[in-house]
Structures are given as structure tokens and as C-alpha cells.
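One file, work11.json, is given below (JSON, C-alpha atoms and all ligand atoms).
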[["chain", "number", "residue", "atom", "x", "y", "z"],
["R", 1, "MET", "CA", 122.50, 84.34, 104.42],
["R", 2, "ALA", "CA", 120.06, 82.24, 106.50],
["R", 3, "ALA", "CA", 116.93, 81.58, 104.45],
["R", 4, "SER", "CA", 114.24, 83.66, 106.13],
["R", 5, "PRO", "CA", 110.67, 82.33, 105.75],
["R", 6, "THR", "CA", 109.01, 83.64, 102.57],
["R", 7, "PRO", "CA", 107.02, 86.66, 103.73],
["R", 8, "ASP", "CA", 103.24, 86.71, 103.16],
["R", 9, "LEU", "CA", 102.92, 88.97, 100.15],
["R", 10, "GLY", "CA", 99.08, 88.78, 99.92],
["R", 11, "PRO", "CA", 98.15, 92.01, 101.73],
["R", 12, "LEU", "CA", 100.74, 94.09, 99.89],
["R", 13, "ARG", "CA", 99.81, 92.60, 96.52],
["R", 14, "GLN", "CA", 96.22, 93.68, 97.16],
["R", 15, "ARG", "CA", 97.39, 97.20, 97.96],
["R", 16, "LEU", "CA", 99.51, 97.24, 94.80],
["R", 17, "ALA", "CA", 96.58, 96.06, 92.68],
["R", 18, "ALA", "CA", 94.42, 98.90, 94.04],
["R", 19, "ALA", "CA", 97.22, 101.45, 93.59],
["R", 20, "ALA", "CA", 97.75, 100.29, 90.00],
["R", 21, "ALA", "CA", 94.34, 101.73, 89.15],
["R", 22, "GLN", "CA", 95.57, 105.25, 89.89],
["R", 23, "PRO", "CA", 97.99, 107.42, 87.85],
["R", 24, "GLY", "CA", 101.17, 107.72, 89.93],
["R", 25, "GLY", "CA", 99.73, 105.18, 92.34],
["R", 26, "VAL", "CA", 103.01, 103.29, 92.84],
["R", 27, "ALA", "CA", 106.44, 104.75, 93.60],
["R", 28, "VAL", "CA", 109.64, 102.75, 94.02],
["R", 29, "LEU", "CA", 112.91, 103.88, 95.61],
["R", 30, "THR", "CA", 115.94, 101.67, 94.95],
["R", 31, "GLY", "CA", 119.49, 101.47, 96.22],
["R", 32, "ALA", "CA", 122.61, 99.43, 95.56],
["R", 33, "GLY", "CA", 121.01, 96.21, 96.84],
["R", 34, "MET", "CA", 118.74, 96.33, 93.76],
["R", 35, "SER", "CA", 121.76, 95.66, 91.54],
["R", 36, "ALA", "CA", 123.66, 93.31, 93.89],
["R", 37, "GLU", "CA", 122.29, 90.19, 92.16],
["R", 38, "SER", "CA", 123.50, 91.66, 88.84],
["R", 39, "GLY", "CA", 127.03, 91.51, 90.22],
["R", 40, "ILE", "CA", 127.41, 95.21, 91.07],
["R", 41, "PRO", "CA", 128.80, 95.62, 94.60],
["R", 42, "THR", "CA", 126.83, 97.59, 97.17],
["R", 43, "PHE", "CA", 128.51, 100.30, 99.26],
["R", 44, "ARG", "CA", 128.04, 99.31, 102.88],
["R", 45, "ASP", "CA", 127.67, 95.56, 102.98],
["R", 46, "ALA", "CA", 130.39, 94.31, 105.27],
["R", 47, "MET", "CA", 133.44, 93.05, 103.36],
["R", 48, "SER", "CA", 131.90, 93.14, 99.87],
["R", 49, "GLY", "CA", 130.73, 96.76, 100.02],
["R", 50, "LEU", "CA", 132.80, 99.36, 98.18],
["R", 51, "TRP", "CA", 133.14, 101.55, 101.26],
["R", 52, "ALA", "CA", 134.43, 98.54, 103.20],
["R", 53, "ARG", "CA", 137.28, 98.28, 100.69],
["R", 54, "PHE", "CA", 137.86, 101.85, 99.51],
["R", 55, "ASP", "CA", 137.93, 105.28, 101.17],
["R", 56, "PRO", "CA", 134.90, 107.29, 99.95],
["R", 57, "ALA", "CA", 136.66, 110.56, 100.85],
["R", 58, "GLN", "CA", 139.44, 109.71, 98.39],
["R", 59, "LEU", "CA", 137.25, 108.31, 95.64],
["R", 60, "ALA", "CA", 133.82, 109.97, 95.88],
["R", 61, "SER", "CA", 134.63, 113.61, 96.58],
["R", 62, "GLU", "CA", 135.87, 116.54, 94.52],
["R", 63, "ASP", "CA", 138.84, 116.98, 96.88],
["R", 64, "GLY", "CA", 139.77, 113.32, 96.43],
["R", 65, "PHE", "CA", 139.57, 113.72, 92.66],
["R", 66, "ARG", "CA", 141.69, 116.89, 92.65],
["R", 67, "ALA", "CA", 144.25, 115.18, 94.93],
["R", 68, "ASP", "CA", 144.71, 112.24, 92.54],
["R", 69, "PRO", "CA", 142.60, 112.45, 89.34],
["R", 70, "GLY", "CA", 144.27, 109.39, 87.81],
["R", 71, "ARG", "CA", 143.46, 107.09, 90.72],
["R", 72, "VAL", "CA", 139.83, 108.21, 90.85],
["R", 73, "TRP", "CA", 139.39, 108.04, 87.06],
["R", 74, "THR", "CA", 140.82, 104.50, 86.98],
["R", 75, "TRP", "CA", 138.52, 103.39, 89.79],
["R", 76, "TYR", "CA", 135.44, 104.70, 87.95],
["R", 77, "ALA", "CA", 136.68, 103.17, 84.70],
["R", 78, "GLU", "CA", 136.67, 99.76, 86.41],
["R", 79, "ARG", "CA", 133.21, 100.35, 87.84],
["R", 80, "ARG", "CA", 131.97, 101.47, 84.41],
["R", 81, "ASP", "CA", 133.20, 98.20, 82.90],
["R", 82, "GLY", "CA", 131.35, 96.31, 85.63],
["R", 83, "VAL", "CA", 128.13, 98.18, 84.81],
["R", 84, "ARG", "CA", 128.49, 97.59, 81.05],
["R", 85, "GLN", "CA", 128.99, 93.85, 81.64],
["R", 86, "ALA", "CA", 126.10, 93.57, 84.11],
["R", 87, "GLU", "CA", 122.58, 92.56, 83.13],
["R", 88, "PRO", "CA", 119.28, 93.61, 84.72],
["R", 89, "ASN", "CA", 118.17, 90.93, 87.22],
["R", 90, "ALA", "CA", 114.71, 89.45, 87.78],
["R", 91, "GLY", "CA", 113.90, 92.37, 90.10],
["R", 92, "HIS", "CA", 114.70, 95.03, 87.49],
["R", 93, "LEU", "CA", 112.76, 93.04, 84.89],
["R", 94, "ALA", "CA", 109.70, 92.67, 87.17],
["R", 95, "LEU", "CA", 109.59, 96.47, 87.63],
["R", 96, "GLY", "CA", 109.99, 96.99, 83.87],
["R", 97, "ALA", "CA", 107.14, 94.56, 83.16],
["R", 98, "PHE", "CA", 104.89, 96.24, 85.76],
["R", 99, "HIS", "CA", 105.64, 99.58, 84.10],
["R", 100, "ARG", "CA", 104.61, 98.21, 80.69],
["R", 101, "ARG", "CA", 101.41, 96.67, 82.09],
["R", 102, "HIS", "CA", 100.41, 99.89, 83.88],
["R", 103, "PRO", "CA", 101.53, 102.96, 81.89],
["R", 104, "GLY", "CA", 101.59, 106.13, 84.03],
["R", 105, "VAL", "CA", 101.25, 104.29, 87.34],
["R", 106, "LEU", "CA", 104.89, 103.66, 88.33],
["R", 107, "THR", "CA", 107.43, 106.32, 89.29],
["R", 108, "LEU", "CA", 110.88, 104.76, 89.74],
["R", 109, "VAL", "CA", 113.44, 106.71, 91.76],
["R", 110, "THR", "CA", 116.97, 105.36, 92.13],
["R", 111, "GLN", "CA", 120.11, 106.18, 94.05],
["R", 112, "ASN", "CA", 121.98, 103.85, 91.70],
["R", 113, "VAL", "CA", 124.33, 105.26, 89.07],
["R", 114, "ASP", "CA", 124.07, 102.17, 86.82],
["R", 115, "ASP", "CA", 121.63, 101.96, 83.90],
["R", 116, "LEU", "CA", 119.96, 98.65, 84.73],
["R", 117, "HIS", "CA", 116.48, 100.08, 85.40],
["R", 118, "GLN", "CA", 116.62, 101.89, 82.07],
["R", 119, "ARG", "CA", 117.79, 98.74, 80.28],
["R", 120, "ALA", "CA", 114.95, 96.80, 81.98],
["R", 121, "GLY", "CA", 112.34, 99.07, 80.41],
["R", 122, "VAL", "CA", 111.99, 102.15, 82.63],
["R", 123, "PRO", "CA", 113.86, 104.89, 80.73],
["R", 124, "GLU", "CA", 112.10, 107.59, 82.80],
["R", 125, "THR", "CA", 113.83, 106.46, 86.01],
["R", 126, "ILE", "CA", 114.61, 109.45, 88.24],
["R", 127, "ARG", "CA", 118.35, 109.38, 89.04],
["R", 128, "LEU", "CA", 119.12, 111.01, 92.38],
["R", 129, "HIS", "CA", 122.87, 110.35, 92.32],
["R", 130, "GLY", "CA", 123.74, 110.76, 88.66],
["R", 131, "ASP", "CA", 124.95, 108.44, 85.92],
["R", 132, "ILE", "CA", 128.30, 106.62, 86.11],
["R", 133, "LEU", "CA", 128.43, 106.20, 82.31],
["R", 134, "ALA", "CA", 128.13, 109.96, 81.72],
["R", 135, "ASP", "CA", 131.05, 112.42, 81.56],
["R", 136, "GLN", "CA", 131.02, 116.03, 82.75],
["R", 137, "TRP", "CA", 133.55, 118.82, 83.16],
["R", 138, "LEU", "CA", 135.06, 119.23, 86.64],
["R", 139, "GLY", "CA", 134.62, 122.98, 86.41],
["R", 140, "PRO", "CA", 133.28, 125.53, 83.92],
["R", 141, "CYS", "CA", 135.44, 125.60, 80.77],
["R", 142, "ARG", "CA", 137.40, 128.85, 80.98],
["R", 143, "LYS", "CA", 138.37, 129.18, 77.32],
["R", 144, "SER", "CA", 135.45, 127.80, 75.32],
["R", 145, "PRO", "CA", 132.31, 127.56, 77.45],
["R", 146, "GLY", "CA", 129.94, 124.94, 76.15],
["R", 147, "CYS", "CA", 132.63, 122.75, 74.62],
["R", 148, "ALA", "CA", 131.68, 119.10, 74.85],
["R", 149, "THR", "CA", 133.58, 116.58, 76.97],
["R", 150, "ALA", "CA", 133.76, 114.43, 73.84],
["R", 151, "GLN", "CA", 136.23, 116.97, 72.43],
["R", 152, "ALA", "CA", 138.55, 116.51, 75.39],
["R", 153, "GLU", "CA", 142.12, 115.39, 74.89],
["R", 154, "ALA", "CA", 142.47, 111.68, 75.70],
["R", 155, "GLY", "CA", 144.00, 110.79, 79.07],
["R", 156, "GLU", "CA", 143.20, 109.44, 82.53],
["R", 157, "PRO", "CA", 141.23, 111.55, 83.00],
["R", 158, "PRO", "CA", 140.71, 113.34, 79.69],
["R", 159, "ARG", "CA", 141.23, 117.12, 79.80],
["R", 160, "CYS", "CA", 140.28, 120.24, 77.82],
["R", 161, "ARG", "CA", 142.87, 121.04, 75.11],
["R", 162, "ASP", "CA", 142.36, 124.79, 75.68],
["R", 163, "CYS", "CA", 142.19, 125.23, 79.46],
["R", 164, "GLY", "CA", 143.20, 121.86, 80.95],
["R", 165, "ASN", "CA", 139.82, 121.43, 82.63],
["R", 166, "LEU", "CA", 139.40, 117.78, 83.72],
["R", 167, "VAL", "CA", 136.60, 115.38, 82.77],
["R", 168, "ARG", "CA", 134.95, 113.61, 85.70],
["R", 169, "PRO", "CA", 132.22, 110.93, 85.95],
["R", 170, "GLY", "CA", 128.62, 112.28, 86.01],
["R", 171, "VAL", "CA", 127.89, 111.01, 89.54],
["R", 172, "VAL", "CA", 127.02, 112.93, 92.71],
["R", 173, "TRP", "CA", 129.96, 113.02, 95.09],
["R", 174, "PHE", "CA", 129.74, 113.55, 98.83],
["R", 175, "GLY", "CA", 128.88, 117.13, 99.69],
["R", 176, "GLU", "CA", 127.47, 117.83, 96.23],
["R", 177, "MET", "CA", 123.97, 118.85, 95.18],
["R", 178, "LEU", "CA", 121.65, 116.34, 93.57],
["R", 179, "PRO", "CA", 120.85, 116.78, 89.86],
["R", 180, "GLU", "CA", 118.53, 119.72, 89.24],
["R", 181, "GLY", "CA", 114.85, 118.82, 89.78],
["R", 182, "ALA", "CA", 115.52, 115.15, 90.65],
["R", 183, "LEU", "CA", 114.70, 115.45, 94.35],
["R", 184, "GLU", "CA", 111.63, 117.58, 93.70],
["R", 185, "ALA", "CA", 110.32, 115.02, 91.18],
["R", 186, "ALA", "CA", 110.95, 112.22, 93.67],
["R", 187, "GLN", "CA", 109.16, 114.13, 96.42],
["R", 188, "ARG", "CA", 106.15, 114.76, 94.16],
["R", 189, "ALA", "CA", 106.05, 111.04, 93.36],
["R", 190, "VAL", "CA", 106.02, 109.93, 97.01],
["R", 191, "ASP", "CA", 103.49, 112.66, 97.93],
["R", 192, "ARG", "CA", 100.94, 111.24, 95.47],
["R", 193, "CYS", "CA", 101.61, 107.48, 95.52],
["R", 194, "ARG", "CA", 99.46, 105.03, 97.48],
["R", 195, "VAL", "CA", 102.25, 102.48, 97.78],
["R", 196, "LEU", "CA", 106.01, 103.14, 98.06],
["R", 197, "LEU", "CA", 108.33, 100.16, 97.63],
["R", 198, "VAL", "CA", 111.82, 100.74, 99.07],
["R", 199, "VAL", "CA", 114.24, 98.16, 97.65],
["R", 200, "GLY", "CA", 117.87, 97.50, 98.52],
["R", 201, "THR", "CA", 118.88, 100.62, 100.39],
["R", 202, "SER", "CA", 120.49, 100.96, 103.84],
["R", 203, "GLY", "CA", 118.77, 104.33, 104.25],
["R", 204, "ALA", "CA", 122.13, 105.79, 105.27],
["R", 205, "VAL", "CA", 122.20, 108.64, 102.75],
["R", 206, "TRP", "CA", 119.97, 111.71, 102.81],
["R", 207, "PRO", "CA", 117.94, 113.28, 101.30],
["R", 208, "ALA", "CA", 117.03, 109.97, 99.55],
["R", 209, "ALA", "CA", 116.42, 108.19, 102.86],
["R", 210, "GLY", "CA", 113.83, 110.82, 103.84],
["R", 211, "LEU", "CA", 111.49, 109.81, 101.01],
["R", 212, "ALA", "CA", 110.14, 106.80, 102.95],
["R", 213, "GLY", "CA", 109.00, 108.86, 105.95],
["R", 214, "ARG", "CA", 107.60, 111.53, 103.63],
["R", 215, "ALA", "CA", 105.49, 108.93, 101.78],
["R", 216, "ARG", "CA", 104.20, 107.54, 105.08],
["R", 217, "ARG", "CA", 103.24, 111.02, 106.31],
["R", 218, "ALA", "CA", 101.44, 111.59, 103.00],
["R", 219, "GLY", "CA", 99.30, 108.50, 103.72],
["R", 220, "ALA", "CA", 100.99, 105.93, 101.48],
["R", 221, "GLN", "CA", 101.70, 102.33, 102.45],
["R", 222, "VAL", "CA", 105.48, 101.90, 102.72],
["R", 223, "ALA", "CA", 107.07, 98.51, 102.11],
["R", 224, "ILE", "CA", 110.76, 97.65, 102.44],
["R", 225, "VAL", "CA", 112.47, 94.81, 100.55],
["R", 226, "ASN", "CA", 115.85, 94.07, 102.10],
["R", 227, "PRO", "CA", 117.51, 90.91, 103.45],
["R", 228, "HIS", "CA", 118.92, 92.94, 106.33],
["R", 229, "GLU", "CA", 117.78, 95.68, 108.67],
["R", 230, "SER", "CA", 117.97, 99.22, 107.27],
["R", 231, "GLU", "CA", 118.03, 102.61, 108.97],
["R", 232, "ILE", "CA", 114.50, 103.36, 107.71],
["R", 233, "ASP", "CA", 112.68, 100.16, 108.68],
["R", 234, "GLY", "CA", 110.72, 102.28, 111.18],
["R", 235, "ASP", "CA", 109.03, 104.15, 108.34],
["R", 236, "ALA", "CA", 107.60, 100.95, 106.85],
["R", 237, "HIS", "CA", 104.22, 99.26, 107.24],
["R", 238, "HIS", "CA", 105.60, 96.12, 105.58],
["R", 239, "VAL", "CA", 109.18, 94.84, 106.01],
["R", 240, "LEU", "CA", 109.95, 91.98, 103.62],
["R", 241, "ARG", "CA", 113.20, 90.14, 104.42],
["R", 242, "GLY", "CA", 114.45, 88.94, 101.10],
["R", 243, "THR", "CA", 116.25, 90.01, 97.97],
["R", 244, "ALA", "CA", 115.22, 92.22, 95.06],
["R", 245, "ALA", "CA", 115.46, 89.45, 92.43],
["R", 246, "GLY", "CA", 113.84, 86.96, 94.81],
["R", 247, "LEU", "CA", 110.86, 89.00, 96.02],
["R", 248, "LEU", "CA", 109.95, 91.58, 93.36],
["R", 249, "PRO", "CA", 108.78, 89.03, 90.74],
["R", 250, "ALA", "CA", 106.58, 87.31, 93.37],
["R", 251, "LEU", "CA", 105.26, 90.69, 94.53],
["R", 252, "LEU", "CA", 104.47, 92.18, 91.12],
["R", 253, "GLU", "CA", 103.68, 89.31, 88.74],
["R", 254, "GLY", "CA", 99.95, 89.18, 87.98],
["R", 255, "VAL", "CA", 99.33, 92.56, 89.64],
["Q", 301, "LIG", "P1", 124.25, 100.54, 100.69],
["Q", 301, "LIG", "O1", 125.39, 99.73, 100.30],
["Q", 301, "LIG", "O2", 124.39, 101.54, 101.79],
["Q", 301, "LIG", "O3", 123.03, 99.58, 101.14],
["Q", 301, "LIG", "C1", 122.69, 98.47, 100.34],
["Q", 301, "LIG", "C2", 121.50, 97.79, 101.00],
["Q", 301, "LIG", "O4", 121.06, 96.75, 100.14],
["Q", 301, "LIG", "C3", 121.80, 97.16, 102.37],
["Q", 301, "LIG", "O5", 120.79, 97.56, 103.29],
["Q", 301, "LIG", "C4", 121.72, 95.66, 102.09],
["Q", 301, "LIG", "O6", 121.20, 94.94, 103.19],
["Q", 301, "LIG", "C5", 120.77, 95.60, 100.91],
["Q", 301, "LIG", "N1", 120.95, 94.45, 100.01],
["Q", 301, "LIG", "C6", 122.07, 93.74, 99.78],
["Q", 301, "LIG", "N2", 121.83, 92.78, 98.84],
["Q", 301, "LIG", "C7", 120.52, 92.90, 98.48],
["Q", 301, "LIG", "C8", 119.67, 92.24, 97.55],
["Q", 301, "LIG", "N3", 120.12, 91.24, 96.81],
["Q", 301, "LIG", "N4", 118.38, 92.64, 97.44],
["Q", 301, "LIG", "C9", 117.90, 93.66, 98.21],
["Q", 301, "LIG", "N5", 118.67, 94.35, 99.08],
["Q", 301, "LIG", "C10", 119.95, 93.97, 99.22],
["Q", 301, "LIG", "O7", 123.69, 101.24, 99.36],
["Q", 301, "LIG", "P2", 122.67, 102.46, 99.22],
["Q", 301, "LIG", "O8", 121.65, 102.47, 100.29],
["Q", 301, "LIG", "O9", 122.22, 102.48, 97.83],
["Q", 301, "LIG", "O10", 125.88, 107.54, 97.18],
["Q", 301, "LIG", "O11", 123.68, 103.70, 99.45],
["Q", 301, "LIG", "C11", 123.19, 105.00, 99.29],
["Q", 301, "LIG", "C12", 124.25, 105.86, 98.65],
["Q", 301, "LIG", "O12", 125.47, 105.75, 99.41],
["Q", 301, "LIG", "C13", 124.66, 105.48, 97.25],
["Q", 301, "LIG", "O13", 123.80, 105.94, 96.27],
["Q", 301, "LIG", "C14", 126.04, 106.12, 97.16],
["Q", 301, "LIG", "C15", 126.59, 105.67, 98.49],
["Q", 301, "LIG", "O14", 127.62, 106.46, 98.96],
["Q", 301, "LIG", "C16", 126.29, 108.28, 96.16],
["Q", 301, "LIG", "O15", 126.80, 107.80, 95.18],
["Q", 301, "LIG", "C17", 126.06, 109.72, 96.31]]
Output the file's structure in the form of C-alpha cells.
Amino acid sequence: MAASPTPDLGPLRQRLAAAAAQPGGVAVLTGAGMSAESGIPTFRDAMSGLWARFDPAQLASEDGFRADPGRVWTWYAERRDGVRQAEPNAGHLALGAFHRRHPGVLTLVTQNVDDLHQRAGVPETIRLHGDILADQWLGPCRKSPGCATAQAEAGEPPRCRDCGNLVRPGVVWFGEMLPEGALEAAQRAVDRCRVLLVVGTSGAVWPAAGLAGRARRAGAQVAIVNPHESEIDGDAHHVLRGTAAGLLPALLEGV
């Protein structure tokens, strides 16, 4: 990746300092690029991205899971191991430190299913696409509604002893609804923030991608941190070509 000149962060740092004086003044939307420097692959980066190597229809859809539960479960088990072994990077830590310095100012919204923001000190992170480390039932349990996935019979995937219902990872698959209330909370956050930072997302997936334009229409300053062009660069007032771990510390430290 050709080293692009370090962007001038002065104007945006001033905006962030002013926004930090207001409850809910700063919102952040992150995507897979946020965790790339922690060793977790993105989805659409050429070659290295998951969707460049695997078929999302087979692995990230209910139909794909029903067609071959074992293959999908194994794939998520490998990704789960990757998440457990990963550590928050300097970008996650800079957001966590900002959150501690300015209680009630930051609202962090993520498309990521890892737990690196939470481990970096922002347990309230709004998860738009679920949690890869969580289990849930594929369907409603027919025999004993309310039974916990922890009681499932071991297997790949585990299944209900009574009705055979399968356990699946707690992530949002293509064509599925977002977790209850997550989108509404994210929309409220971008409606009231003065600065929205958009970090490490291609802007290819909606409704998450729509949050940048919504923030701009609500009068917020929108800044994008991404080494490459994204589909929502047009919604930004500031486009910073660089990485999450490289730019977020410089952007937030001392603010
Ligand atoms: P993508 O893989 O589509 O985009 C990752 C973005 O991160 C790209 O624009 C990269 O240029 C950028 N990037 C790469 N390395 C970076 C770094 N070190 N620092 C900053 N940016 C970097 O991932 P998402 O936009 O998150 O959906 O994808 C959105 C959704 O599509 C995901 O949440 C997932 C996927 O299908 C669901 O799971 C429902």
C-alpha cells in the first residue's frame, strides 16, 4: 500500500474537541477495516477478503446453513478462534481511551461481529450485525420453548436433544433483520452527533451505509478513515486516507 501523505488532522481535531463538550457529540461507525490490523480479515478486500475466498450465499445465509450446517459451523468455529486470539489494535484502544476521557460523549456503532471494541473499553458498543461469539437457536424450540443453547447436545453444530433444533452463530446473515433496536439506536446517535467518524467500511452494506448520509443531513461533520475509496466517500466532509490503527490515535489523543 503506497504511503499516502499524512492527512492534516488539525481541522477535524478542533471539531472533535468542540463536539466532546456535548453529550452524544461524537458518533463512530466501524467496519471490518477497523479490525484488519488485529489480524481479522475484512470481507471485500481483494484476495484477502473473506468474500474473495468464500461464497457468502453458502456461508452467511440461513439457506446455506440448512444446506450444510457442518460446513458453516466449522467455518464460524475457525473465525471464532481468530477473534479469541486477536487483540484490540491502537485504533480500538484510542476509541476506548476517548470514551473514558469523555463519558457520555461517544456512541460507537459497529458492523463488526468481533468483541474488540468491547475489550478496548467500550462495552456499550451498538452491534448492528450481531456477535460471532454468541449462540442462538436456528428456529423456535418446538418442544421446550425457552431452553438455553447451552443445554444443546454437543455436535457440529450442537442441536436440541428434544426437537433437533440446530444452534447457529449469533450473527446477522444476508436477508435477515438487524438486532431489535440496534438500527434505531444508531440512527438516534447520528441524528444528534456533531461529528461522525466512519472507520474501515466499504459502505457496501445497508442500512449501515446509510448512517453517514443521515448524519450529514442532520448537520454533523462526517469524516472517513480508510486507506481506499469507499462507496460512501461522497457523504464525507473529511476523507482521511490511512488506517484505523495509524490514524485514530493521532486524531483522538489529547482531544
Ligand atoms: P468490507 O470488507 O466490505 O470493507 C472493509 C473496508 O475497510 C474497505 O473499504 C477497506 O478499504 C478498509 N480497510 C482495510 N484495511 C483497513 C485498515 N487497516 N484501516 C481502515 N480501513 C481499512 O467490510 P465492511 O464494510 O465492514 O455483513 O462490510 C460490511 C458488512 O458486509 C459486514 O458487516 C458483513 C459483510 O457481509 C454482515 O455480517 C451482515
May I have a table of the residues of segment 18-66 of chain R lying at most 6 Å from segment 108-116 of chain R, giving each one's closest pair of atoms and their distance in Å to one decimal, counting all atoms listed in the file, ordered by chain and ascending residue number, as JSON lines?
{"residue": "R:Ala27", "atom": "CA", "partner": "R:Leu108", "partner_atom": "CA", "distance": 5.9}
{"residue": "R:Val28", "atom": "CA", "partner": "R:Leu108", "partner_atom": "CA", "distance": 4.9}
{"residue": "R:Leu29", "atom": "CA", "partner": "R:Val109", "partner_atom": "CA", "distance": 4.8}
{"residue": "R:Thr30", "atom": "CA", "partner": "R:Thr110", "partner_atom": "CA", "distance": 4.8}
{"residue": "R:Gly31", "atom": "CA", "partner": "R:Gln111", "partner_atom": "CA", "distance": 5.2}
{"residue": "R:Ala32", "atom": "CA", "partner": "R:Asn112", "partner_atom": "CA", "distance": 5.9}
Hey, what's within 9 Å of Ala18 of chain R if we count only C-alpha atoms and toss same-chain stuff fewer than 5 positions away? As a PDB file with C-alpha atoms, in the coordinates of the input, please?
ATOM      1  CA  ARG R  13      99.810  92.600  96.520  1.00  0.00           C
ATOM      2  CA  GLY R  25      99.730 105.180  92.340  1.00  0.00           C
ATOM      3  CA  ARG R 194      99.460 105.030  97.480  1.00  0.00           C
TER       4      ARG R 194
END
message: Excluding Gly203 of chain R and its own-chain neighbours fewer than 5 positions away, which residues fall within 10 Å of it when counting all atoms listed in the file? Please give them as a VMD selection string.
response: chain R and resid 31 198 208 to 212 229 to 233
Generate the output file for the selected residues, C-alpha atoms, as a CSV table (one decimal), in the coordinates of the input.
chain,number,residue,atom,x,y,z
R,31,GLY,CA,119.5,101.5,96.2
R,198,VAL,CA,111.8,100.7,99.1
R,208,ALA,CA,117.0,110.0,99.6
R,209,ALA,CA,116.4,108.2,102.9
R,210,GLY,CA,113.8,110.8,103.8
R,211,LEU,CA,111.5,109.8,101.0
R,212,ALA,CA,110.1,106.8,103.0
R,229,GLU,CA,117.8,95.7,108.7
R,230,SER,CA,118.0,99.2,107.3
R,231,GLU,CA,118.0,102.6,109.0
R,232,ILE,CA,114.5,103.4,107.7
R,233,ASP,CA,112.7,100.2,108.7
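You can rank R:Ala60, R:Ala134, R:Val255, R:Leu183 by their closest distance to ligand LIG 301 (chain Q) using only C-alpha atoms and all ligand atoms, and at the top of that list sits R:Ala60.
Excluding Leu59 of chain R and any residue on its chain fewer than 6 positions from it, the residues at most 12 Å away by all atoms listed in the file are Leu50, Trp51, Arg53, Phe65, Arg66, Ala67, Asp68, Pro69, Gly70, Arg71, Val72, Trp73, Thr74, Trp75, Tyr76, Arg79, Arg168, Pro169, Val171, Val172, Trp173 and Phe174 of chain R.
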task: Report the distance between atom CA of Leu133 of chain R and atom CA of Gly170 of chain R in Å, rounded to one decimal place.
output: 7.1 Å
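Among the candidates R:Gly234, R:Pro140, R:Gly121, R:Gly213, the one nearest to Arg101 of chain R when counting all atoms listed in the file is R:Gly121.
When all atoms listed in the file are used to compute distances to ligand LIG 301 (chain Q), the closest of the residues R:Gly246, R:Pro11, R:Gly146, R:Gly155 turns out to be R:Gly246.
Distances here use all atoms listed in the file; by that measure, the residue among R:Val239, R:Cys141, R:Val195, R:Val205 closest to Gly219 of chain R is R:Val195.
Among the candidate residues R:Asn226, R:Gln14, R:Ser38, R:Thr107, the one lying nearest to Val190 of chain R is R:Thr107, with distances computed using only C-alpha atoms.
Look at everything within 12 Å of (128.4, 96.1, 84.3) using only C-alpha atoms, and the residues you get are Ser35, Ala36, Glu37, Ser38, Gly39, Ile40, Pro41, Tyr76, Ala77, Glu78, Arg79, Arg80, Asp81, Gly82, Val83, Arg84, Gln85, Ala86, Glu87, Pro88, Asn89, Val113, Asp114, Asp115, Leu116, Arg119, Ile132 and Leu133 of chain R.
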Using the file's own x, y and z axes, so that the box edges lie along x, y and z, what centre and edge lengths in Å (one decimal) does a box around every listed atom of segment 31-40 of chain R get when 3 Å is added on each side? Give it as lines of an AutoDock Vina configuration file.
center_x = 123.1
center_y = 95.8
center_z = 92.8
size_x = 14.7
size_y = 17.3
size_z = 14.0
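Take the candidates R:Asp191, R:Glu62, R:Arg217, R:Gly254 and check each one against Glu176 of chain R using all atoms listed in the file; the shortest distance goes to R:Glu62.
Taking atom CA of Met177 of chain R as the reference point, atom O14 of ligand LIG 301 (chain Q) is found at 13.5 Å.
Between atom CA of Arg241 of chain R and atom CA of His102 of chain R lies a distance of 26.1 Å.
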